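Novice: Pasting a structure below so you can have a look.
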Amino acid sequence: MNWDDTPEEAAFRAEARAFIEERFPASYRPAGEEEQSLEPEDVAGYNWPVDRVAGDPGRREGARAWAAALAERGWIAPHWPREYGGAGLSAMEEFILHEEMMRARVPTVNGIGAFLLGPTLLVHGTEEQKARHLPAIAKGEATWAQGFSEPGSGSDLASLRTRAVRDGDEYVVDGQKVWTSLGQYADWLFVLVRTDPDAERPHRGITFLLIPSDAPGVTVRPITDIRGAEPFCEIFFEGVRVPVADRVGEENRGWYVAMSALGFERAGIGATIKYEQALAELVGYLRSPEGARFARTSPALRQEIARRRTEIRVLYNLARYTVSRQAAGEEPDFEASINQLFGAELHQRIARTGARAFGRSAALWERADAPLGALFTHMRRDSVASTFLGGTTEIQRNVIATRGLHLPRG
Ligand SMILES: Cc1cc2nc3c(=O)[nH]c(=O)nc-3n(C[C@H](O)[C@H](O)[C@H](O)COP(=O)(O)OP(=O)(O)OC[C@H]3O[C@@H](n4cnc5c(N)ncnc54)[C@H](O)[C@@H]3O)c2cc1C
């Protein structure tokens with residue numbers, strides 16, 4: 001397979017690169033330490049939904065100016081049709097745009113809305129829902145969070161218990177969600193609820209609802225993680241009234257809507273570039289005079305780094321393969337699980353290899369004291385979540401085995 005750009009793709013890449021150079025606001029560059037994100041697709045030092053409401057005015061305005069610049073071109077949601085605020089780009093052009101953004105270390109904007117909910121609404125939403133929600137996402141004016149997981153219902157999502165009872169033209173929602181990424185910064189939530197508790201098969205009794213996060217009866221409680229950060233939250237629903245018009249798809253058929261949303265979640269390029277950059281930093285450091293003093297390169301470590309380099313190439317090829325399937329008009333299926341599985345485990349292997357190079361110095365936590373800013377020490381902590389966010393590796397293996405290889409269940 002030849003992945004070289006066609007002349008048209010090369011021209012688009014140059015256009016994207018020039019745009020980023022010209023329009024990325026200087027005030028939005030992180031001033032201090034570049035904290036990694038738990039989400040492998042995110043660029044270290046940025047968290048756009050948080051930055052857009054940051055206390056620091058430079059950062060806040062920078063985040064908003066970047067969103068406005070991207071929105072001018074429809075590049076917040078590049079693959080959507082123009083009528084909803086997208087740019088109508090092909091899957092390959094979107095891939096190239098994101099590749100360039102990651103290489104320039106600038107963040108994508110409004111990811112959950114643009115890449116999870118938006119594509120789902122384009123497939124399953126009513127015209128009214130599309131007209132109401134898509135332009136606001138594409139301008140960076142409305143942010144969304146995904147309320148699927150519950151205490152006791154993560155991998156076994158179909159067992160979820162948040163109830164919605166029909167009352168005239170409304171549903172009344174009661175229950176709890178957990179691990180909702182950035183839910184405390186979101187204007188809206190897309191939520192799975194149980195509408196038929198007696199359904200013969202649990203996933204046949206689930207409905208997909210759109211709920212404003214400030215609706216009466218919604219309580220959002222941030223969860224503090226090991227870093228002291230609050231990347232996700234618990235959300236409680238008590239008698240929350242949701243118009244039937246805010247249901248996506250049919251009642252009791254929300255599972256199928258959710259599955260296409262998860263399919264969109266698992267395709268991406270960002271992680272590959274991030275790993276490539278981290279490995280390049282490691283290699284550069286090991287070859288520098290400082291690296292010769294503070295790190296160790298043994299034959300075994302060299303072998304290990306070469307293996308990681310090869311695996312990053314494999315991940316890149318998997319992402320290109322997925323995007324070429326999308327370009328042919330197919331929704332990502334089990335191939336996206338292959339990406340997710342391989343990428344998640346690779347994240348942890350890269351972190352381990354990098355930390356190993358520093359020997360005892362890998363125990364230094366403070367970035368200012370540690371060689372290479374403790375990049376891999378922090379990555380080891382952050383990469384723990386990779387193998388369960390967006391579906392655990394065991395679940396991805398199940399998907400590959402059953403949907404990809406058609407192995408018998410049970
Ligand atoms: C950083 C982060 C962000 C997240 N963001 C969101 C979000 O925005 N919205 C949201 O809804 N959720 C979110 N989640 C939750 C995430 O989707 C769940 O953590 C995940 O689906 C696993 O569910 P669980 O934590 O309940 O683990 P469990 O499902 O309880 O799994 C525990 C262990 O059992 C294994 N296991 C379970 N079932 C099987 C099986 N059938 N076969 C083999 N092994 C099995 C699992 O692989 C795992 O190792 C987030 C999680 C993290 C870590």
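Naming scheme: A, B, ... for chains in displayed order of the structure tokens; residues 1 onward per chain; ligands 1 onward as shown.
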When DSSP works through the backbone of this structure, what residues of segment 28-64 of chain A end up as helix (DSSP H, G or I), shown as a list of chain:residue names?

Specialist: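 Those in segment 28-64 of chain A that DSSP calls helix (DSSP H, G or I) are A:Tyr28, A:Trp48, A:Pro49, A:Val50, A:Asp51, A:Pro57, A:Gly58, A:Arg59, A:Arg60, A:Glu61, A:Gly62, A:Ala63, A:Arg64.
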
Novice: Go ahead and save the picked residues with N, CA and C atoms, as a PDB file, in the first residue's frame.

Specialist:
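Saved the output as part05.pdb:
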ATOM      1  N   TYR A  28      -2.784  31.156  23.190  1.00  0.00           N
ATOM      2  CA  TYR A  28      -3.322  29.850  23.581  1.00  0.00           C
ATOM      3  C   TYR A  28      -2.221  28.810  23.812  1.00  0.00           C
ATOM      4  N   TRP A  48      -9.501  21.633  25.390  1.00  0.00           N
ATOM      5  CA  TRP A  48     -10.294  22.741  24.852  1.00  0.00           C
ATOM      6  C   TRP A  48     -11.585  23.030  25.609  1.00  0.00           C
ATOM      7  N   PRO A  49     -12.398  21.998  25.973  1.00  0.00           N
ATOM      8  CA  PRO A  49     -13.651  22.319  26.671  1.00  0.00           C
ATOM      9  C   PRO A  49     -13.408  23.023  28.009  1.00  0.00           C
ATOM     10  N   VAL A  50     -12.257  22.727  28.638  1.00  0.00           N
ATOM     11  CA  VAL A  50     -11.924  23.377  29.907  1.00  0.00           C
ATOM     12  C   VAL A  50     -11.336  24.758  29.624  1.00  0.00           C
ATOM     13  N   ASP A  51     -10.448  24.818  28.612  1.00  0.00           N
ATOM     14  CA  ASP A  51      -9.781  26.077  28.279  1.00  0.00           C
ATOM     15  C   ASP A  51     -10.795  27.165  27.889  1.00  0.00           C
ATOM     16  N   PRO A  57      -7.740  34.846  31.330  1.00  0.00           N
ATOM     17  CA  PRO A  57      -8.407  35.402  30.140  1.00  0.00           C
ATOM     18  C   PRO A  57      -7.647  35.129  28.840  1.00  0.00           C
ATOM     19  N   GLY A  58      -6.295  35.092  28.902  1.00  0.00           N
ATOM     20  CA  GLY A  58      -5.511  34.839  27.689  1.00  0.00           C
ATOM     21  C   GLY A  58      -5.833  33.460  27.133  1.00  0.00           C
ATOM     22  N   ARG A  59      -5.875  32.508  28.045  1.00  0.00           N
ATOM     23  CA  ARG A  59      -6.139  31.127  27.624  1.00  0.00           C
ATOM     24  C   ARG A  59      -7.580  30.986  27.120  1.00  0.00           C
ATOM     25  N   ARG A  60      -8.490  31.595  27.887  1.00  0.00           N
ATOM     26  CA  ARG A  60      -9.915  31.486  27.518  1.00  0.00           C
ATOM     27  C   ARG A  60     -10.149  32.098  26.133  1.00  0.00           C
ATOM     28  N   GLU A  61      -9.625  33.313  25.948  1.00  0.00           N
ATOM     29  CA  GLU A  61      -9.841  33.982  24.658  1.00  0.00           C
ATOM     30  C   GLU A  61      -9.100  33.248  23.548  1.00  0.00           C
ATOM     31  N   GLY A  62      -7.919  32.706  23.876  1.00  0.00           N
ATOM     32  CA  GLY A  62      -7.164  31.929  22.887  1.00  0.00           C
ATOM     33  C   GLY A  62      -7.970  30.726  22.414  1.00  0.00           C
ATOM     34  N   ALA A  63      -8.563  30.025  23.374  1.00  0.00           N
ATOM     35  CA  ALA A  63      -9.356  28.827  23.033  1.00  0.00           C
ATOM     36  C   ALA A  63     -10.538  29.220  22.143  1.00  0.00           C
ATOM     37  N   ARG A  64     -11.153  30.331  22.484  1.00  0.00           N
ATOM     38  CA  ARG A  64     -12.327  30.758  21.700  1.00  0.00           C
ATOM     39  C   ARG A  64     -11.912  31.251  20.317  1.00  0.00           C
TER      40      ARG A  64
END

Novice: Within 8 Å of Arg161 of chain A, counting only C-alpha atoms, which residues show up once you throw out same-chain ones fewer than 4 positions away? Write them as a list of chain:residue names, please.

Specialist: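 Using only C-alpha atoms, the neighbours found are A:Glu150, A:Gly175, A:Val193, A:Arg194.
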
Novice: How close does chain A get to ligand 1? List, as a Markdown table, each residue of chain A within 10 Å, its nearest atom pair and the distance in Å to one decimal, counting only C-alpha atoms and all ligand atoms.

Specialist:
| residue | atom | partner | partner_atom_place_in_ligand_line | distance |
| --- | --- | --- | --- | --- |
| A:Ser37 | CA | ligand 1 | 1 (C) | 9.0 |
| A:Leu38 | CA | ligand 1 | 1 (C) | 5.6 |
| A:Glu39 | CA | ligand 1 | 1 (C) | 6.4 |
| A:Pro40 | CA | ligand 1 | 1 (C) | 9.5 |
| A:Ile112 | CA | ligand 1 | 8 (O) | 8.6 |
| A:Trp144 | CA | ligand 1 | 8 (O) | 9.6 |
| A:Ala145 | CA | ligand 1 | 8 (O) | 6.1 |
| A:Gln146 | CA | ligand 1 | 9 (N) | 4.5 |
| A:Gly147 | CA | ligand 1 | 11 (O) | 4.4 |
| A:Phe148 | CA | ligand 1 | 11 (O) | 3.4 |
| A:Ser149 | CA | ligand 1 | 11 (O) | 3.7 |
| A:Glu150 | CA | ligand 1 | 26 (O) | 7.1 |
| A:Pro151 | CA | ligand 1 | 26 (O) | 6.6 |
| A:Gly152 | CA | ligand 1 | 26 (O) | 5.7 |
| A:Ser153 | CA | ligand 1 | 26 (O) | 5.4 |
| A:Gly154 | CA | ligand 1 | 23 (O) | 3.2 |
| A:Ser155 | CA | ligand 1 | 29 (O) | 3.6 |
| A:Asp156 | CA | ligand 1 | 29 (O) | 5.8 |
| A:Leu157 | CA | ligand 1 | 21 (O) | 7.5 |
| A:Lys177 | CA | ligand 1 | 11 (O) | 7.2 |
| A:Val178 | CA | ligand 1 | 12 (N) | 6.6 |
| A:Trp179 | CA | ligand 1 | 13 (C) | 4.6 |
| A:Thr180 | CA | ligand 1 | 8 (O) | 3.9 |
| A:Ser181 | CA | ligand 1 | 8 (O) | 3.7 |
| A:Leu182 | CA | ligand 1 | 8 (O) | 7.1 |
| A:Gly183 | CA | ligand 1 | 8 (O) | 7.4 |
| A:Leu189 | CA | ligand 1 | 9 (N) | 9.8 |
| A:Phe190 | CA | ligand 1 | 11 (O) | 9.3 |
| A:Val191 | CA | ligand 1 | 11 (O) | 8.2 |
| A:Leu192 | CA | ligand 1 | 11 (O) | 8.9 |
| A:Asp225 | CA | ligand 1 | 1 (C) | 9.2 |
| A:Pro231 | CA | ligand 1 | 1 (C) | 7.2 |
| A:Phe232 | CA | ligand 1 | 3 (C) | 6.6 |
| A:Cys233 | CA | ligand 1 | 8 (O) | 8.7 |
| A:Glu234 | CA | ligand 1 | 9 (N) | 9.8 |
| A:Leu262 | CA | ligand 1 | 17 (O) | 9.9 |
| A:Asp382 | CA | ligand 1 | 1 (C) | 8.8 |
| A:Ser383 | CA | ligand 1 | 1 (C) | 9.5 |
| A:Val384 | CA | ligand 1 | 53 (C) | 8.3 |
| A:Ala385 | CA | ligand 1 | 53 (C) | 4.7 |
| A:Ser386 | CA | ligand 1 | 53 (C) | 7.1 |
| A:Thr387 | CA | ligand 1 | 53 (C) | 8.1 |
| A:Phe388 | CA | ligand 1 | 20 (C) | 5.2 |
| A:Leu389 | CA | ligand 1 | 52 (C) | 4.0 |
| A:Gly390 | CA | ligand 1 | 17 (O) | 4.8 |
| A:Gly391 | CA | ligand 1 | 21 (O) | 4.3 |
| A:Thr392 | CA | ligand 1 | 47 (O) | 4.7 |
| A:Thr393 | CA | ligand 1 | 47 (O) | 6.0 |
| A:Glu394 | CA | ligand 1 | 47 (O) | 4.4 |
| A:Ile395 | CA | ligand 1 | 47 (O) | 5.7 |
| A:Gln396 | CA | ligand 1 | 47 (O) | 8.6 |
| A:Arg397 | CA | ligand 1 | 43 (C) | 8.3 |
| A:Asn398 | CA | ligand 1 | 42 (N) | 6.8 |
| A:Val399 | CA | ligand 1 | 42 (N) | 9.9 |
| A:Gly410 | CA | ligand 1 | 41 (N) | 9.8 |

Novice: Please identify all polymer residues within 9 Å of segment 239-242 of chain A, counting only C-alpha atoms, omitting same-chain residues fewer than 6 positions from it, and present them as a compact mmCIF listing (two decimals) with N, CA and C atoms, in the first residue's frame.

Specialist:
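See part_29.txt below for the written result:
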# COMPACT_ATOMS: atom_id res chain seq x y z
N ALA A 164 -36.21 5.88 32.32
CA ALA A 164 -36.98 6.98 31.74
C ALA A 164 -38.40 6.46 31.55
N ASP A 167 -44.28 10.21 30.06
CA ASP A 167 -45.40 10.93 30.68
C ASP A 167 -45.87 11.97 29.66
N ASP A 169 -45.85 13.98 26.50
CA ASP A 169 -44.83 14.29 25.50
C ASP A 169 -43.42 14.34 26.11
N GLU A 170 -43.32 13.83 27.31
CA GLU A 170 -42.01 13.90 27.98
C GLU A 170 -41.62 12.54 28.55
N TYR A 171 -40.29 12.38 28.79
CA TYR A 171 -39.81 11.28 29.61
C TYR A 171 -39.40 11.86 30.96
N VAL A 172 -39.57 11.06 32.01
CA VAL A 172 -39.08 11.48 33.32
C VAL A 172 -37.92 10.55 33.67
N VAL A 173 -36.74 11.15 33.84
CA VAL A 173 -35.50 10.38 33.97
C VAL A 173 -35.01 10.38 35.42
N ASP A 174 -34.68 9.18 35.94
CA ASP A 174 -34.11 9.03 37.28
C ASP A 174 -32.96 8.02 37.21
N GLY A 175 -31.83 8.36 37.83
CA GLY A 175 -30.71 7.41 37.86
C GLY A 175 -29.38 8.12 37.96
N LEU A 209 -31.22 9.67 24.65
CA LEU A 209 -31.81 10.99 24.88
C LEU A 209 -30.76 12.09 24.90
N LEU A 210 -31.19 13.29 24.51
CA LEU A 210 -30.34 14.49 24.58
C LEU A 210 -30.86 15.35 25.74
N ILE A 211 -30.00 15.67 26.69
CA ILE A 211 -30.46 16.36 27.91
C ILE A 211 -29.54 17.55 28.21
N PRO A 212 -30.10 18.77 28.38
CA PRO A 212 -29.24 19.90 28.76
C PRO A 212 -28.67 19.65 30.15
N ALA A 215 -30.61 21.16 33.08
CA ALA A 215 -32.05 20.88 33.25
C ALA A 215 -32.34 20.68 34.73
N PRO A 216 -33.53 21.12 35.21
CA PRO A 216 -33.87 20.91 36.62
C PRO A 216 -33.81 19.42 36.95
N GLY A 217 -33.14 19.09 38.08
CA GLY A 217 -33.03 17.69 38.50
C GLY A 217 -31.71 17.04 38.11
N VAL A 218 -30.85 17.76 37.34
CA VAL A 218 -29.54 17.21 36.97
C VAL A 218 -28.50 17.75 37.96

Novice: With a distance cut-off of 6 Å and only C-alpha atoms, select the neighbouring residues of segment 266-283 of chain A, excluding the residue or stretch itself and same-chain residues fewer than 3 positions from it, and output the selection as a list in words.

Specialist: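 What passes the distance filter is Pro40, Glu41, Gly263, Leu286, Tyr316, Ala319, Ala336 and Gln340 of chain A.
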
Novice: Kindly assemble as JSON lines a list of the segment 138-242 of chain A residues that lie within 12 Å of segment 80-90 of chain A, each paired with its nearest atom pair and their distance in Å to one decimal, using only C-alpha atoms, sorted first by chain and then by ascending residue number.

Specialist:
{"residue": "A:Ala138", "atom": "CA", "partner": "A:Gly85", "partner_atom": "CA", "distance": 5.3}
{"residue": "A:Lys139", "atom": "CA", "partner": "A:Gly85", "partner_atom": "CA", "distance": 7.2}
{"residue": "A:Gly140", "atom": "CA", "partner": "A:Gly85", "partner_atom": "CA", "distance": 10.4}
{"residue": "A:Glu141", "atom": "CA", "partner": "A:Gly85", "partner_atom": "CA", "distance": 11.8}

Novice: Might you pull out every residue within 12 Å of Met101 of chain A, with only C-alpha atoms counted and same-chain residues fewer than 4 positions away left off, and present them as a ChimeraX atom specification?

Specialist: /A:13-21,23-24,41-43,66,70,75-76,94-97,105-109,269-270,273-274

Novice: Atoms to include: N, CA and C atoms. Write the selected residues as an mmCIF file, in the first residue's frame.

Specialist:
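Output below, filename again_15.cif:
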data_model
loop_
_atom_site.group_PDB
_atom_site.id
_atom_site.type_symbol
_atom_site.label_atom_id
_atom_site.label_comp_id
_atom_site.auth_asym_id
_atom_site.auth_seq_id
_atom_site.Cartn_x
_atom_site.Cartn_y
_atom_site.Cartn_z
ATOM 1 N N ARG A 13 -2.702 19.434 2.363
ATOM 2 C CA ARG A 13 -1.813 19.394 3.531
ATOM 3 C C ARG A 13 -1.084 20.735 3.690
ATOM 4 N N ALA A 14 -0.623 21.281 2.580
ATOM 5 C CA ALA A 14 0.088 22.570 2.633
ATOM 6 C C ALA A 14 -0.861 23.677 3.093
ATOM 7 N N GLU A 15 -2.098 23.607 2.627
ATOM 8 C CA GLU A 15 -3.094 24.616 3.019
ATOM 9 C C GLU A 15 -3.368 24.522 4.529
ATOM 10 N N ALA A 16 -3.524 23.295 5.024
ATOM 11 C CA ALA A 16 -3.804 23.098 6.454
ATOM 12 C C ALA A 16 -2.630 23.615 7.292
ATOM 13 N N ARG A 17 -1.433 23.288 6.850
ATOM 14 C CA ARG A 17 -0.228 23.691 7.587
ATOM 15 C C ARG A 17 -0.127 25.218 7.654
ATOM 16 N N ALA A 18 -0.373 25.865 6.522
ATOM 17 C CA ALA A 18 -0.287 27.336 6.470
ATOM 18 C C ALA A 18 -1.358 27.957 7.364
ATOM 19 N N PHE A 19 -2.545 27.362 7.345
ATOM 20 C CA PHE A 19 -3.639 27.890 8.169
ATOM 21 C C PHE A 19 -3.279 27.826 9.654
ATOM 22 N N ILE A 20 -2.755 26.684 10.073
ATOM 23 C CA ILE A 20 -2.421 26.516 11.497
ATOM 24 C C ILE A 20 -1.356 27.547 11.891
ATOM 25 N N GLU A 21 -0.357 27.666 11.051
ATOM 26 C CA GLU A 21 0.737 28.612 11.322
ATOM 27 C C GLU A 21 0.207 30.038 11.470
ATOM 28 N N ARG A 23 -3.097 31.080 11.915
ATOM 29 C CA ARG A 23 -4.269 31.395 12.726
ATOM 30 C C ARG A 23 -4.242 30.871 14.158
ATOM 31 N N PHE A 24 -3.283 30.003 14.509
ATOM 32 C CA PHE A 24 -3.306 29.510 15.884
ATOM 33 C C PHE A 24 -2.881 30.637 16.828
ATOM 34 N N GLU A 41 -5.870 10.720 22.352
ATOM 35 C CA GLU A 41 -5.999 11.554 21.155
ATOM 36 C C GLU A 41 -5.719 13.036 21.442
ATOM 37 N N ASP A 42 -5.683 13.437 22.700
ATOM 38 C CA ASP A 42 -5.555 14.864 23.008
ATOM 39 C C ASP A 42 -4.105 15.322 23.014
ATOM 40 N N VAL A 43 -3.900 16.604 22.717
ATOM 41 C CA VAL A 43 -2.560 17.175 22.682
ATOM 42 C C VAL A 43 -2.183 17.621 24.095
ATOM 43 N N TRP A 66 -9.328 30.274 18.617
ATOM 44 C CA TRP A 66 -8.951 29.106 17.803
ATOM 45 C C TRP A 66 -10.214 28.425 17.260
ATOM 46 N N LEU A 70 -11.174 28.020 13.261
ATOM 47 C CA LEU A 70 -11.497 26.721 12.643
ATOM 48 C C LEU A 70 -12.917 26.734 12.083
ATOM 49 N N TRP A 75 -13.851 23.668 9.953
ATOM 50 C CA TRP A 75 -12.843 22.671 10.315
ATOM 51 C C TRP A 75 -12.944 22.181 11.763
ATOM 52 N N ILE A 76 -13.980 22.617 12.500
ATOM 53 C CA ILE A 76 -14.217 21.964 13.798
ATOM 54 C C ILE A 76 -14.811 20.586 13.525
ATOM 55 N N GLU A 94 -9.871 14.985 6.118
ATOM 56 C CA GLU A 94 -9.995 15.178 7.570
ATOM 57 C C GLU A 94 -8.802 14.545 8.293
ATOM 58 N N PHE A 95 -8.415 13.371 7.844
ATOM 59 C CA PHE A 95 -7.268 12.664 8.429
ATOM 60 C C PHE A 95 -6.012 13.533 8.309
ATOM 61 N N ILE A 96 -5.826 14.107 7.122
ATOM 62 C CA ILE A 96 -4.638 14.948 6.887
ATOM 63 C C ILE A 96 -4.681 16.192 7.772
ATOM 64 N N LEU A 97 -5.855 16.810 7.859
ATOM 65 C CA LEU A 97 -5.987 18.015 8.705
ATOM 66 C C LEU A 97 -5.607 17.678 10.155
ATOM 67 N N ARG A 105 1.170 20.321 17.191
ATOM 68 C CA ARG A 105 0.810 20.287 18.617
ATOM 69 C C ARG A 105 -0.231 21.337 18.953
ATOM 70 N N VAL A 106 -1.271 21.410 18.129
ATOM 71 C CA VAL A 106 -2.408 22.287 18.444
ATOM 72 C C VAL A 106 -3.647 21.401 18.563
ATOM 73 N N PRO A 107 -4.596 21.785 19.439
ATOM 74 C CA PRO A 107 -5.705 20.871 19.729
ATOM 75 C C PRO A 107 -6.830 20.922 18.697
ATOM 76 N N THR A 108 -7.504 19.785 18.538
ATOM 77 C CA THR A 108 -8.796 19.825 17.855
ATOM 78 C C THR A 108 -9.799 20.414 18.847
ATOM 79 N N VAL A 109 -10.947 20.808 18.336
ATOM 80 C CA VAL A 109 -11.906 21.565 19.140
ATOM 81 C C VAL A 109 -13.229 20.803 19.201
ATOM 82 N N ILE A 269 -6.433 9.338 14.486
ATOM 83 C CA ILE A 269 -5.021 9.401 14.114
ATOM 84 C C ILE A 269 -4.180 9.991 15.239
ATOM 85 N N GLY A 270 -4.864 10.775 16.120
ATOM 86 C CA GLY A 270 -4.133 11.602 17.076
ATOM 87 C C GLY A 270 -3.109 10.840 17.890
ATOM 88 N N ILE A 273 0.395 10.048 16.249
ATOM 89 C CA ILE A 273 1.342 11.166 16.136
ATOM 90 C C ILE A 273 1.935 11.485 17.505
ATOM 91 N N LYS A 274 1.078 11.415 18.515
ATOM 92 C CA LYS A 274 1.553 11.713 19.871
ATOM 93 C C LYS A 274 2.647 10.718 20.290
#

Novice: Report, in Å with one decimal, the straight-line distance from atom CA of Ala158 of chain A to atom CA of Gly205 of chain A.

Specialist: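 Distance between the two atoms: 8.7 Å.
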
Novice: Mind pulling up the distance from atom CA of Phe358 of chain A to atom CA of Thr297 of chain A?

Specialist: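 Value for the atom CA of Thr297 of chain A-atom CA of Phe358 of chain A distance: 9.1 Å.
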
Novice: From segment 47-222 of chain A, collect each residue whose DSSP state is strand (DSSP E or B) and return the set as a short mmCIF file (atom, residue, chain, number, x, y, z; two decimals) with N, CA and C atoms, in the first residue's frame.

Specialist:
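Result file follows (selection18.cif):
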data_model
loop_
_atom_site.label_atom_id
_atom_site.label_comp_id
_atom_site.auth_asym_id
_atom_site.auth_seq_id
_atom_site.Cartn_x
_atom_site.Cartn_y
_atom_site.Cartn_z
N TRP A 144 -20.59 18.93 24.49
CA TRP A 144 -21.37 17.75 24.84
C TRP A 144 -20.53 16.78 25.67
N ALA A 145 -21.22 15.94 26.44
CA ALA A 145 -20.55 14.84 27.14
C ALA A 145 -21.38 13.57 26.97
N GLN A 146 -20.68 12.43 27.12
CA GLN A 146 -21.28 11.13 26.84
C GLN A 146 -21.67 10.43 28.14
N GLY A 147 -22.96 10.33 28.39
CA GLY A 147 -23.44 9.69 29.62
C GLY A 147 -23.92 8.28 29.34
N GLU A 150 -22.44 3.55 33.95
CA GLU A 150 -23.07 3.73 35.27
C GLU A 150 -22.32 2.86 36.27
N SER A 153 -22.39 -0.74 35.36
CA SER A 153 -22.65 -0.94 33.93
C SER A 153 -21.61 -0.19 33.12
N ARG A 163 -33.57 5.05 34.62
CA ARG A 163 -34.90 4.81 34.07
C ARG A 163 -35.45 6.07 33.40
N ALA A 164 -36.21 5.88 32.32
CA ALA A 164 -36.98 6.98 31.74
C ALA A 164 -38.40 6.46 31.55
N VAL A 165 -39.36 7.16 32.16
CA VAL A 165 -40.76 6.74 32.08
C VAL A 165 -41.52 7.78 31.28
N ARG A 166 -42.26 7.32 30.30
CA ARG A 166 -42.99 8.25 29.43
C ARG A 166 -44.15 8.87 30.19
N ASP A 167 -44.28 10.21 30.06
CA ASP A 167 -45.40 10.93 30.68
C ASP A 167 -45.87 11.97 29.66
N GLU A 170 -43.32 13.83 27.31
CA GLU A 170 -42.01 13.90 27.98
C GLU A 170 -41.62 12.54 28.55
N TYR A 171 -40.29 12.38 28.79
CA TYR A 171 -39.81 11.28 29.61
C TYR A 171 -39.40 11.86 30.96
N VAL A 172 -39.57 11.06 32.01
CA VAL A 172 -39.08 11.48 33.32
C VAL A 172 -37.92 10.55 33.67
N VAL A 173 -36.74 11.15 33.84
CA VAL A 173 -35.50 10.38 33.97
C VAL A 173 -35.01 10.38 35.42
N ASP A 174 -34.68 9.18 35.94
CA ASP A 174 -34.11 9.03 37.28
C ASP A 174 -32.96 8.02 37.21
N GLY A 175 -31.83 8.36 37.83
CA GLY A 175 -30.71 7.41 37.86
C GLY A 175 -29.38 8.12 37.96
N GLN A 176 -28.31 7.38 37.65
CA GLN A 176 -26.96 7.94 37.81
C GLN A 176 -26.01 7.46 36.73
N LYS A 177 -25.20 8.37 36.24
CA LYS A 177 -24.10 8.05 35.32
C LYS A 177 -22.77 8.29 36.04
N VAL A 178 -21.70 7.68 35.51
CA VAL A 178 -20.39 7.87 36.14
C VAL A 178 -19.30 7.88 35.08
N TRP A 179 -18.15 8.45 35.41
CA TRP A 179 -16.99 8.58 34.52
C TRP A 179 -17.30 9.43 33.29
N THR A 180 -18.25 10.35 33.39
CA THR A 180 -18.61 11.16 32.23
C THR A 180 -17.49 12.18 31.99
N SER A 181 -16.71 11.98 30.93
CA SER A 181 -15.56 12.85 30.68
C SER A 181 -16.03 14.29 30.47
N TRP A 188 -24.52 20.09 27.10
CA TRP A 188 -25.52 19.05 26.83
C TRP A 188 -24.91 17.68 27.10
N LEU A 189 -25.80 16.72 27.38
CA LEU A 189 -25.39 15.33 27.60
C LEU A 189 -26.15 14.44 26.63
N PHE A 190 -25.48 13.44 26.06
CA PHE A 190 -26.26 12.39 25.38
C PHE A 190 -26.19 11.14 26.24
N VAL A 191 -27.38 10.63 26.53
CA VAL A 191 -27.53 9.71 27.65
C VAL A 191 -28.32 8.47 27.20
N LEU A 192 -27.89 7.30 27.68
CA LEU A 192 -28.67 6.08 27.46
C LEU A 192 -29.52 5.82 28.69
N VAL A 193 -30.80 5.53 28.45
CA VAL A 193 -31.72 5.29 29.56
C VAL A 193 -32.52 4.02 29.28
N ARG A 194 -33.02 3.42 30.35
CA ARG A 194 -33.86 2.22 30.18
C ARG A 194 -35.31 2.64 30.09
N ILE A 206 -33.54 0.03 25.62
CA ILE A 206 -32.73 1.22 25.90
C ILE A 206 -33.03 2.32 24.88
N THR A 207 -33.04 3.58 25.36
CA THR A 207 -33.36 4.72 24.50
C THR A 207 -32.27 5.78 24.65
N PHE A 208 -32.03 6.54 23.57
CA PHE A 208 -30.94 7.53 23.49
C PHE A 208 -31.55 8.92 23.60
N LEU A 209 -31.22 9.67 24.65
CA LEU A 209 -31.81 10.99 24.88
C LEU A 209 -30.76 12.09 24.90
N LEU A 210 -31.19 13.29 24.51
CA LEU A 210 -30.34 14.49 24.58
C LEU A 210 -30.86 15.35 25.74
N ILE A 211 -30.00 15.67 26.69
CA ILE A 211 -30.46 16.36 27.91
C ILE A 211 -29.54 17.55 28.21
N PRO A 212 -30.10 18.77 28.38
CA PRO A 212 -29.24 19.90 28.76
C PRO A 212 -28.67 19.65 30.15
N VAL A 218 -30.85 17.76 37.34
CA VAL A 218 -29.54 17.21 36.97
C VAL A 218 -28.50 17.75 37.96
N THR A 219 -27.75 16.85 38.61
CA THR A 219 -26.67 17.27 39.50
C THR A 219 -25.36 16.67 38.99
N VAL A 220 -24.35 17.51 38.82
CA VAL A 220 -23.06 17.06 38.30
C VAL A 220 -22.03 17.16 39.42
N ARG A 221 -21.35 16.02 39.69
CA ARG A 221 -20.36 16.04 40.77
C ARG A 221 -19.01 15.57 40.21
N PRO A 222 -18.02 16.46 40.09
CA PRO A 222 -16.73 16.06 39.53
C PRO A 222 -16.05 14.95 40.35
#

Novice: Using atom CA of Pro7 of chain A and atom CA of Glu99 of chain A as the two end points, give the distance in Å to one decimal.

Specialist: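 Those two atoms sit 17.0 Å apart.
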
Novice: Select, from A:Ala245, A:Leu318, A:Val257, A:Ile305, the residue with the minimum atom-to-atom distance to Leu117 of chain A, counting only C-alpha atoms.

Specialist: A:Val257

Novice: Let me make sure I understand: among A:Thr195, A:Gln326, A:Thr162, A:Gln348, which one has the smallest atom-to-atom distance to Ile235 of chain A if we use only C-alpha atoms?

Specialist: A:Thr162

Novice: Nearest to Asn47 of chain A among A:Asn110, A:Thr322, A:Ser27, A:Thr224, with distances taken over only C-alpha atoms: which residue is it?

Specialist: A:Asn110
